[in-house]
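Notes follow the structure.
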There are 2 protein chains.
Amino acid sequence: MAGQHEKGYFTEADSAEVVTGRNANAKDERLRQIMDVVIRHLHEAVKEIEPTQEEWFKAIQFLTATGHMCDDWRQEFILLSDVLGVSMLVDAINNRKPSGATETTVLGPFHVADAPAMENGADICLDGKGEPLVIHGKVTSVDGTPIEGARLDVWQANDEGFYDVQQKGIQPDFNLRGIFLSQANGGYWFRGVKPKYYGIPNDGPIGAMLEKLGRHPYRPAHLHYIVGADGYEEITTHIFVPDDPYIDSDVVFGVKESLLAEFAKVDNPERAEKFGVANPFWEVEFDFTLAPK
Amino acid sequence: MAGQHEKGYFTEADSAEVVTGRNANAKDERLRQIMDVVIRHLHEAVKEIEPTQEEWFKAIQFLTATGHMCDDWRQEFILLSDVLGVSMLVDAINNRKPSGATETTVLGPFHVADAPAMENGADICLDGKGEPLVIHGKVTSVDGTPIEGARLDVWQANDEGFYDVQQKGIQPDFNLRGIFLSQANGGYWFRGVKPKYYGIPNDGPIGAMLEKLGRHPYRPAHLHYIVGADGYEEITTHIFVPDDPYIDSDVVFGVKESLLAEFAKVDNPERAEKFGVANPFWEVEFDFTLAPK
């Protein structure tokens with residue numbers, strides 16, 4: 001009964017080839033291709049790590065606990081993808097834009113689909129808390145042409161580092177969210193609050209992992225944007241506060257040089273009155289550039 | 001604000017280095033070592049796959065569903081590890097035995113810690129269902145010395161492919177389980193039933209994955225053993241029915257050439273009476289060899 005079986009059996013040396021060999025009749029060719037890569041790297045990693053049975057079981061328990069932490073309001077596997085840089089890598093691979101378009105970064109888990117449409121100049125801060133902020137700029141094509149009617153979907157955390165959906169009943173609904181359209185010259189402007197750094201949820205397995213790895217759970221202060229227009233590639237991005245203490249160590253690796261905005265502290269009563277904010281206030285100018293489809 | 005930040009930021013090209021660089025102050029050196037390997041292979045795999053955002057999200061959903069399937073009685077992540085050959089690879093790495101020791105294979109999820117101790121010759125089949133089987137052999141050291149008092153913890157599925165713990169209330173408690181001690185000459189023997197192939201649980205995400213990969217969910221017929229003795233390395237293994245239809249395609253890759261037993265169909269009333277089984281019956285001789293610690 002020997003020889004005939006030998007070829008198909010699993011050995012340490014040819015483990016990945018034996019496993020991928022089973023996928024020869026896959027019904028989904030793309031899945032086969034993906035799983036071949038996953039299996040090969042999984043086996044290479046196990047061979048380099050040489051885990052004990054106990055370490056293997058700890059990994060099983062970690063993945064299980066990560067799954068059990070997920071519900072409608074919490075996605076612990078996305079958090080894992082984020083803190084291991086996988087989310088940013090997938091973003092990078094899918095956004096190799098022509099030179100000149102604004103760079104992209106992670107969407108994050110706090111976008112909501114039905115934020116209110118607002119007029120330019122509106123204040124997205126509904127509870128008046130925090131230091132006032134005025135943001136203005138323009139949306140242009142990569143060739144410099146102003147884009148009228150570009151859609152800017154904007155959201156941010158409050159000055160304590162929480163999004164409205166994390167503090168239902170504490171913050172007003174749709175606090176610090178709004179959708180704006182650029183004007184004829186490509187210009188847009190709105191009022192908000194100066195954002196602050198905040199920690200990602202760290203009471204689950206990912207928080208425990210970061211702690212053991214000696215990593216902090218913080219994201220540097222930022223505002224989120226999704227900017228799009230007819231005939232152009234939509235971009236999902238942030239603008240960051242450059243002097244944030246965590247600007248060089250964003251836990252989800254979202255920072256890019258080109259997304260550092262200048263947050264100017266303005267003490268000028270006339271200018272404050274023009275924008276309709278209390279003096280002093282923060283002012284940011286940031287332009288977005290879109291690539292044609 | 002440029003240059004000083006540049007080095008730490010994430011780019012597609014140096015993604016893995018940036019992420020592993022954050023683990024420099026890990027509190028657990030072994031975890032740091034493991035995560036460095038995991039991060040490197042994860043990033044290499046993503047770069048080879050180039051997943052779309054939708055494919056990335058499907059992967060997140062798959063892992064989440066796998067976690068949600070796990071409870072006290074079902075371990076879907078172990079199933080994933082099994083069907084991707086990871087469990088067998090970890091087993092292989094941890095059991096590079098000196099030549100001559102019986103080879104090991106996966107434990108499987110159906111071992112119970114408190115099976116009853118039995119006398120040699122006992123019938124572990126408590127409900128009389130299935131074709132009778134007699135198994136005998138001896139336990140020796142790698143140098144051929146018989147080992148007296150070796151402990152053989154044996155368990156198997158019934159002839160419908162289910163373990164007692166999968167059919168609480170249908171099968172008697174502790175059906176087809178027993179712990180035997182080898183005799184002065186190293187010999188052991190017991191009675192059971194001829195095992196049959198069976199499918200791993202395939203009503204969850206892993207079953208759906210196997211289906212899309214064109215893979216069946218079956219394990220070839222086998223009996224489980226954990227064999228140990230004072231002063232020797234314990235082994236966790238199976239013996240397999242060699243002419244099983246799935247012997248060359250075990251869904252968890254557990255089969256090894258050396259673990260194929262000979263299942264002889266015996267039609268001999270005198271021999272049946274000697275063993276205390278109905279005629280005809282199945283007879284297996286299988287010896288175990290242990291390596292000194």
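Numbering starts fresh at 1 for the residues of each chain in the structure tokens, the chains themselves are lettered A, B, ... in the order given, and ligands are numbered from 1 as they appear.
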
Take chain B, superimpose it onto chain A by least squares using every C-alpha atom paired in sequence order, and output the result as an mmCIF file with C-alpha atoms, in the first residue's frame.
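The result, stored in out20.cif:
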data_model
loop_
_atom_site.group_PDB
_atom_site.id
_atom_site.type_symbol
_atom_site.label_atom_id
_atom_site.label_comp_id
_atom_site.auth_asym_id
_atom_site.auth_seq_id
_atom_site.Cartn_x
_atom_site.Cartn_y
_atom_site.Cartn_z
ATOM 1 C CA MET B 1 0.048 0.010 -0.029
ATOM 2 C CA ALA B 2 3.117 2.271 -0.068
ATOM 3 C CA GLY B 3 4.360 4.202 -3.124
ATOM 4 C CA GLN B 4 0.983 5.112 -4.596
ATOM 5 C CA HIS B 5 0.031 7.247 -1.581
ATOM 6 C CA GLU B 6 3.370 8.815 -0.898
ATOM 7 C CA LYS B 7 3.155 11.802 -3.234
ATOM 8 C CA GLY B 8 0.049 13.413 -1.718
ATOM 9 C CA TYR B 9 1.050 13.179 1.936
ATOM 10 C CA PHE B 10 2.001 16.151 4.029
ATOM 11 C CA THR B 11 5.604 16.640 5.135
ATOM 12 C CA GLU B 12 7.261 19.587 6.819
ATOM 13 C CA ALA B 13 9.403 20.212 3.746
ATOM 14 C CA ASP B 14 6.636 20.373 1.117
ATOM 15 C CA SER B 15 3.740 21.448 3.355
ATOM 16 C CA ALA B 16 2.649 24.510 1.343
ATOM 17 C CA GLU B 17 2.780 22.664 -2.000
ATOM 18 C CA VAL B 18 0.615 19.831 -0.651
ATOM 19 C CA VAL B 19 -2.009 22.264 0.684
ATOM 20 C CA THR B 20 -2.125 24.559 -2.374
ATOM 21 C CA GLY B 21 -2.258 21.422 -4.538
ATOM 22 C CA ARG B 22 -5.719 20.720 -3.117
ATOM 23 C CA ASN B 23 -7.064 23.952 -4.645
ATOM 24 C CA ALA B 24 -6.577 22.773 -8.224
ATOM 25 C CA ASN B 25 -10.310 22.421 -8.826
ATOM 26 C CA ALA B 26 -11.375 25.700 -7.190
ATOM 27 C CA LYS B 27 -14.674 27.100 -8.454
ATOM 28 C CA ASP B 28 -13.430 30.671 -7.987
ATOM 29 C CA GLU B 29 -10.114 31.310 -9.752
ATOM 30 C CA ARG B 30 -9.424 34.596 -7.921
ATOM 31 C CA LEU B 31 -10.027 32.898 -4.552
ATOM 32 C CA ARG B 32 -7.643 30.108 -5.569
ATOM 33 C CA GLN B 33 -5.005 32.693 -6.461
ATOM 34 C CA ILE B 34 -5.490 34.554 -3.155
ATOM 35 C CA MET B 35 -5.455 31.369 -1.046
ATOM 36 C CA ASP B 36 -2.311 30.095 -2.760
ATOM 37 C CA VAL B 37 -0.486 33.258 -1.666
ATOM 38 C CA VAL B 38 -2.019 33.157 1.825
ATOM 39 C CA ILE B 39 -1.111 29.467 2.338
ATOM 40 C CA ARG B 40 2.449 29.944 1.085
ATOM 41 C CA HIS B 41 3.126 32.908 3.388
ATOM 42 C CA LEU B 42 1.316 31.298 6.324
ATOM 43 C CA HIS B 43 3.520 28.197 6.055
ATOM 44 C CA GLU B 44 6.692 30.261 5.602
ATOM 45 C CA ALA B 45 5.799 32.323 8.678
ATOM 46 C CA VAL B 46 5.128 29.202 10.793
ATOM 47 C CA LYS B 47 8.453 27.703 9.660
ATOM 48 C CA GLU B 48 10.311 30.880 10.657
ATOM 49 C CA ILE B 49 8.490 31.230 13.985
ATOM 50 C CA GLU B 50 8.572 27.521 14.954
ATOM 51 C CA PRO B 51 5.719 28.019 17.438
ATOM 52 C CA THR B 52 5.251 25.628 20.336
ATOM 53 C CA GLN B 53 1.835 23.943 20.573
ATOM 54 C CA GLU B 54 1.038 26.426 23.389
ATOM 55 C CA GLU B 55 1.945 29.437 21.209
ATOM 56 C CA TRP B 56 -0.193 28.058 18.381
ATOM 57 C CA PHE B 57 -3.116 27.736 20.777
ATOM 58 C CA LYS B 58 -2.575 31.296 22.051
ATOM 59 C CA ALA B 59 -2.847 32.487 18.444
ATOM 60 C CA ILE B 60 -6.120 30.537 18.059
ATOM 61 C CA GLN B 61 -7.415 32.107 21.277
ATOM 62 C CA PHE B 62 -6.354 35.607 20.141
ATOM 63 C CA LEU B 63 -8.211 35.290 16.823
ATOM 64 C CA THR B 64 -11.268 33.846 18.586
ATOM 65 C CA ALA B 65 -11.355 36.687 21.136
ATOM 66 C CA THR B 66 -10.933 39.220 18.307
ATOM 67 C CA GLY B 67 -13.952 37.709 16.541
ATOM 68 C CA HIS B 68 -16.011 37.665 19.721
ATOM 69 C CA MET B 69 -15.265 41.395 20.253
ATOM 70 C CA CYS B 70 -16.904 42.272 16.922
ATOM 71 C CA ASP B 71 -20.517 43.429 16.841
ATOM 72 C CA ASP B 72 -22.577 46.019 14.961
ATOM 73 C CA TRP B 73 -20.678 48.872 16.671
ATOM 74 C CA ARG B 74 -17.198 47.441 17.033
ATOM 75 C CA GLN B 75 -14.961 45.901 14.368
ATOM 76 C CA GLU B 76 -11.913 44.453 16.125
ATOM 77 C CA PHE B 77 -10.551 42.742 12.963
ATOM 78 C CA ILE B 78 -10.502 46.113 11.137
ATOM 79 C CA LEU B 79 -8.641 47.483 14.164
ATOM 80 C CA LEU B 80 -6.144 44.605 13.824
ATOM 81 C CA SER B 81 -5.749 45.347 10.107
ATOM 82 C CA ASP B 82 -5.262 49.043 10.950
ATOM 83 C CA VAL B 83 -2.618 48.631 13.660
ATOM 84 C CA LEU B 84 -0.631 46.122 11.566
ATOM 85 C CA GLY B 85 -0.512 48.604 8.658
ATOM 86 C CA VAL B 86 -2.582 46.328 6.399
ATOM 87 C CA SER B 87 -5.404 48.856 5.912
ATOM 88 C CA MET B 88 -2.956 51.563 4.823
ATOM 89 C CA LEU B 89 -1.174 49.110 2.526
ATOM 90 C CA VAL B 90 -4.447 48.174 0.804
ATOM 91 C CA ASP B 91 -5.233 51.900 0.527
ATOM 92 C CA ALA B 92 -1.809 52.557 -1.020
ATOM 93 C CA ILE B 93 -2.182 49.727 -3.539
ATOM 94 C CA ASN B 94 -5.620 50.955 -4.603
ATOM 95 C CA ASN B 95 -4.650 54.614 -4.884
ATOM 96 C CA ARG B 96 -1.550 54.826 -7.025
ATOM 97 C CA LYS B 97 -2.736 58.197 -8.340
ATOM 98 C CA PRO B 98 -1.154 60.248 -11.108
ATOM 99 C CA SER B 99 1.229 62.827 -9.691
ATOM 100 C CA GLY B 100 -0.567 65.856 -8.355
ATOM 101 C CA ALA B 101 -3.739 64.320 -6.919
ATOM 102 C CA THR B 102 -4.199 64.707 -3.159
ATOM 103 C CA GLU B 103 -2.944 61.600 -1.368
ATOM 104 C CA THR B 104 -5.377 59.234 0.327
ATOM 105 C CA THR B 105 -5.478 57.634 3.748
ATOM 106 C CA VAL B 106 -7.721 55.290 5.770
ATOM 107 C CA LEU B 107 -11.500 55.778 5.949
ATOM 108 C CA GLY B 108 -11.713 54.825 9.618
ATOM 109 C CA PRO B 109 -14.784 53.276 11.275
ATOM 110 C CA PHE B 110 -16.716 56.493 12.079
ATOM 111 C CA HIS B 111 -17.976 57.675 8.697
ATOM 112 C CA VAL B 112 -21.779 57.835 8.406
ATOM 113 C CA ALA B 113 -23.513 57.737 5.044
ATOM 114 C CA ASP B 114 -26.296 60.242 5.681
ATOM 115 C CA ALA B 115 -24.558 63.370 7.016
ATOM 116 C CA PRO B 116 -26.467 66.637 6.385
ATOM 117 C CA ALA B 117 -25.807 68.856 3.331
ATOM 118 C CA MET B 118 -24.652 72.325 4.419
ATOM 119 C CA GLU B 119 -23.964 75.733 2.896
ATOM 120 C CA ASN B 120 -20.385 76.957 2.689
ATOM 121 C CA GLY B 121 -19.489 78.735 5.903
ATOM 122 C CA ALA B 122 -21.745 76.586 8.079
ATOM 123 C CA ASP B 123 -20.540 75.510 11.528
ATOM 124 C CA ILE B 124 -20.485 71.714 11.837
ATOM 125 C CA CYS B 125 -19.949 72.052 15.597
ATOM 126 C CA LEU B 126 -23.481 71.855 17.018
ATOM 127 C CA ASP B 127 -22.694 72.122 20.737
ATOM 128 C CA GLY B 128 -20.269 75.051 20.727
ATOM 129 C CA LYS B 129 -17.598 73.064 22.606
ATOM 130 C CA GLY B 130 -13.895 73.378 21.787
ATOM 131 C CA GLU B 131 -11.629 75.984 20.182
ATOM 132 C CA PRO B 132 -13.163 77.494 17.013
ATOM 133 C CA LEU B 133 -11.622 76.524 13.678
ATOM 134 C CA VAL B 134 -12.125 77.946 10.180
ATOM 135 C CA ILE B 135 -11.103 75.830 7.189
ATOM 136 C CA HIS B 136 -11.034 77.083 3.619
ATOM 137 C CA GLY B 137 -9.436 76.113 0.351
ATOM 138 C CA LYS B 138 -10.290 75.056 -3.151
ATOM 139 C CA VAL B 139 -10.820 71.947 -5.206
ATOM 140 C CA THR B 140 -9.013 71.766 -8.519
ATOM 141 C CA SER B 141 -8.187 69.258 -11.203
ATOM 142 C CA VAL B 142 -4.571 68.087 -11.472
ATOM 143 C CA ASP B 143 -4.088 70.682 -14.258
ATOM 144 C CA GLY B 144 -5.137 73.491 -11.910
ATOM 145 C CA THR B 145 -8.657 74.015 -13.282
ATOM 146 C CA PRO B 146 -11.083 74.887 -10.449
ATOM 147 C CA ILE B 147 -13.842 72.284 -9.995
ATOM 148 C CA GLU B 148 -17.305 73.671 -9.233
ATOM 149 C CA GLY B 149 -19.799 71.462 -7.419
ATOM 150 C CA ALA B 150 -17.213 69.048 -5.989
ATOM 151 C CA ARG B 151 -18.692 67.235 -2.994
ATOM 152 C CA LEU B 152 -16.723 67.456 0.292
ATOM 153 C CA ASP B 153 -17.966 65.022 2.948
ATOM 154 C CA VAL B 154 -16.303 66.148 6.196
ATOM 155 C CA TRP B 155 -16.272 64.630 9.696
ATOM 156 C CA GLN B 156 -14.186 64.974 12.833
ATOM 157 C CA ALA B 157 -13.960 64.036 16.514
ATOM 158 C CA ASN B 158 -14.714 66.674 19.151
ATOM 159 C CA ASP B 159 -12.021 68.314 21.257
ATOM 160 C CA GLU B 160 -12.190 65.403 23.705
ATOM 161 C CA GLY B 161 -11.384 62.929 20.921
ATOM 162 C CA PHE B 162 -14.831 61.341 20.441
ATOM 163 C CA TYR B 163 -17.052 61.107 17.376
ATOM 164 C CA ASP B 164 -20.809 61.732 17.752
ATOM 165 C CA VAL B 165 -21.562 58.039 17.132
ATOM 166 C CA GLN B 166 -19.337 57.113 20.087
ATOM 167 C CA GLN B 167 -21.276 59.450 22.394
ATOM 168 C CA LYS B 168 -24.928 58.992 21.477
ATOM 169 C CA GLY B 169 -27.007 61.115 23.869
ATOM 170 C CA ILE B 170 -23.944 63.139 24.939
ATOM 171 C CA GLN B 171 -23.145 64.850 21.639
ATOM 172 C CA PRO B 172 -25.972 66.077 19.342
ATOM 173 C CA ASP B 173 -26.733 63.716 16.428
ATOM 174 C CA PHE B 174 -24.592 64.524 13.379
ATOM 175 C CA ASN B 175 -22.308 66.738 15.480
ATOM 176 C CA LEU B 176 -19.153 67.677 13.549
ATOM 177 C CA ARG B 177 -20.332 66.266 10.205
ATOM 178 C CA GLY B 178 -21.404 67.977 7.007
ATOM 179 C CA ILE B 179 -21.411 67.759 3.232
ATOM 180 C CA PHE B 180 -20.337 70.862 1.272
ATOM 181 C CA LEU B 181 -20.241 71.698 -2.453
ATOM 182 C CA SER B 182 -17.403 73.743 -3.902
ATOM 183 C CA GLN B 183 -18.278 77.114 -5.450
ATOM 184 C CA ALA B 184 -17.680 78.403 -9.006
ATOM 185 C CA ASN B 185 -14.013 79.207 -8.267
ATOM 186 C CA GLY B 186 -13.552 75.755 -6.684
ATOM 187 C CA GLY B 187 -13.606 77.340 -3.212
ATOM 188 C CA TYR B 188 -15.122 75.796 -0.068
ATOM 189 C CA TRP B 189 -15.207 76.845 3.578
ATOM 190 C CA PHE B 190 -16.747 75.780 6.862
ATOM 191 C CA ARG B 191 -16.349 76.128 10.599
ATOM 192 C CA GLY B 192 -15.554 73.367 13.125
ATOM 193 C CA VAL B 193 -13.351 72.835 16.201
ATOM 194 C CA LYS B 194 -9.639 72.228 16.553
ATOM 195 C CA PRO B 195 -9.348 68.409 16.695
ATOM 196 C CA LYS B 196 -7.382 66.551 19.371
ATOM 197 C CA TYR B 197 -5.511 63.248 19.334
ATOM 198 C CA TYR B 198 -7.479 60.239 20.591
ATOM 199 C CA GLY B 199 -6.964 56.572 21.452
ATOM 200 C CA ILE B 200 -8.523 53.791 19.403
ATOM 201 C CA PRO B 201 -10.693 51.416 21.494
ATOM 202 C CA ASN B 202 -8.140 49.533 23.602
ATOM 203 C CA ASP B 203 -10.270 47.386 25.920
ATOM 204 C CA GLY B 204 -10.102 44.342 23.600
ATOM 205 C CA PRO B 205 -7.464 41.893 22.299
ATOM 206 C CA ILE B 206 -5.916 44.518 19.992
ATOM 207 C CA GLY B 207 -5.417 46.955 22.871
ATOM 208 C CA ALA B 208 -3.799 44.155 24.902
ATOM 209 C CA MET B 209 -1.526 43.300 21.965
ATOM 210 C CA LEU B 210 -0.414 46.922 21.539
ATOM 211 C CA GLU B 211 0.327 47.108 25.265
ATOM 212 C CA LYS B 212 2.577 44.006 25.115
ATOM 213 C CA LEU B 213 4.291 45.386 22.008
ATOM 214 C CA GLY B 214 5.068 48.615 23.875
ATOM 215 C CA ARG B 215 2.896 50.634 21.454
ATOM 216 C CA HIS B 216 0.515 53.480 22.403
ATOM 217 C CA PRO B 217 -3.077 53.458 21.031
ATOM 218 C CA TYR B 218 -3.223 57.066 19.782
ATOM 219 C CA ARG B 219 -4.094 58.708 16.488
ATOM 220 C CA PRO B 220 -2.833 62.264 15.921
ATOM 221 C CA ALA B 221 -5.512 64.988 15.567
ATOM 222 C CA HIS B 222 -7.150 65.115 12.139
ATOM 223 C CA LEU B 223 -10.265 65.902 10.098
ATOM 224 C CA HIS B 224 -11.702 63.370 7.639
ATOM 225 C CA TYR B 225 -12.640 64.169 4.047
ATOM 226 C CA ILE B 226 -14.164 62.293 1.152
ATOM 227 C CA VAL B 227 -13.849 64.555 -1.903
ATOM 228 C CA GLY B 228 -15.356 63.732 -5.273
ATOM 229 C CA ALA B 229 -16.732 65.318 -8.422
ATOM 230 C CA ASP B 230 -18.304 64.111 -11.671
ATOM 231 C CA GLY B 231 -15.621 62.749 -13.967
ATOM 232 C CA TYR B 232 -12.962 62.561 -11.225
ATOM 233 C CA GLU B 233 -11.617 59.797 -8.974
ATOM 234 C CA GLU B 234 -13.019 60.188 -5.467
ATOM 235 C CA ILE B 235 -10.458 60.449 -2.655
ATOM 236 C CA THR B 236 -10.793 59.425 0.999
ATOM 237 C CA THR B 237 -8.280 61.293 3.119
ATOM 238 C CA HIS B 238 -7.487 63.291 6.284
ATOM 239 C CA ILE B 239 -5.788 66.554 7.085
ATOM 240 C CA PHE B 240 -3.552 66.402 10.152
ATOM 241 C CA VAL B 241 -2.467 68.818 12.889
ATOM 242 C CA PRO B 242 1.315 68.820 12.316
ATOM 243 C CA ASP B 243 2.501 69.580 15.867
ATOM 244 C CA ASP B 244 0.405 66.828 17.443
ATOM 245 C CA PRO B 245 2.443 64.720 19.933
ATOM 246 C CA TYR B 246 1.554 61.530 17.982
ATOM 247 C CA ILE B 247 2.108 62.898 14.462
ATOM 248 C CA ASP B 248 5.147 60.623 13.980
ATOM 249 C CA SER B 249 3.572 57.540 15.528
ATOM 250 C CA ASP B 250 -0.067 57.283 14.361
ATOM 251 C CA VAL B 251 -1.190 53.869 15.646
ATOM 252 C CA VAL B 252 -2.846 53.132 12.257
ATOM 253 C CA PHE B 253 -0.024 54.605 10.093
ATOM 254 C CA GLY B 254 -2.398 57.061 8.372
ATOM 255 C CA VAL B 255 -0.107 60.124 8.266
ATOM 256 C CA LYS B 256 1.454 61.293 5.003
ATOM 257 C CA GLU B 257 3.752 64.276 4.648
ATOM 258 C CA SER B 258 1.448 65.930 2.093
ATOM 259 C CA LEU B 259 -1.565 65.750 4.430
ATOM 260 C CA LEU B 260 -0.015 67.894 7.179
ATOM 261 C CA ALA B 261 -2.038 71.104 7.217
ATOM 262 C CA GLU B 262 -0.955 74.417 8.721
ATOM 263 C CA PHE B 263 -3.103 75.256 11.751
ATOM 264 C CA ALA B 264 -2.531 79.015 12.336
ATOM 265 C CA LYS B 265 -3.584 80.569 15.649
ATOM 266 C CA VAL B 266 -5.233 83.891 14.701
ATOM 267 C CA ASP B 267 -5.777 86.733 17.158
ATOM 268 C CA ASN B 268 -7.611 89.281 14.987
ATOM 269 C CA PRO B 269 -11.109 90.481 16.012
ATOM 270 C CA GLU B 270 -11.945 91.809 12.524
ATOM 271 C CA ARG B 271 -11.027 88.531 10.808
ATOM 272 C CA ALA B 272 -12.915 86.569 13.500
ATOM 273 C CA GLU B 273 -16.014 88.696 12.835
ATOM 274 C CA LYS B 274 -15.685 88.173 9.076
ATOM 275 C CA PHE B 275 -15.768 84.374 9.612
ATOM 276 C CA GLY B 276 -18.359 84.570 12.373
ATOM 277 C CA VAL B 277 -16.190 82.948 15.072
ATOM 278 C CA ALA B 278 -14.973 84.034 18.535
ATOM 279 C CA ASN B 279 -11.511 85.612 18.720
ATOM 280 C CA PRO B 280 -8.864 84.097 18.944
ATOM 281 C CA PHE B 281 -9.442 81.144 16.580
ATOM 282 C CA TRP B 282 -7.610 78.567 14.439
ATOM 283 C CA GLU B 283 -7.423 78.953 10.672
ATOM 284 C CA VAL B 284 -6.467 76.346 8.067
ATOM 285 C CA GLU B 285 -6.119 76.650 4.324
ATOM 286 C CA PHE B 286 -6.084 73.332 2.476
ATOM 287 C CA ASP B 287 -6.622 72.621 -1.218
ATOM 288 C CA PHE B 288 -7.691 69.319 -2.775
ATOM 289 C CA THR B 289 -6.621 68.104 -6.181
ATOM 290 C CA LEU B 290 -8.573 65.452 -8.071
ATOM 291 C CA ALA B 291 -7.459 63.253 -10.959
ATOM 292 C CA PRO B 292 -9.811 62.780 -13.925
ATOM 293 C CA LYS B 293 -11.213 59.267 -14.289
#
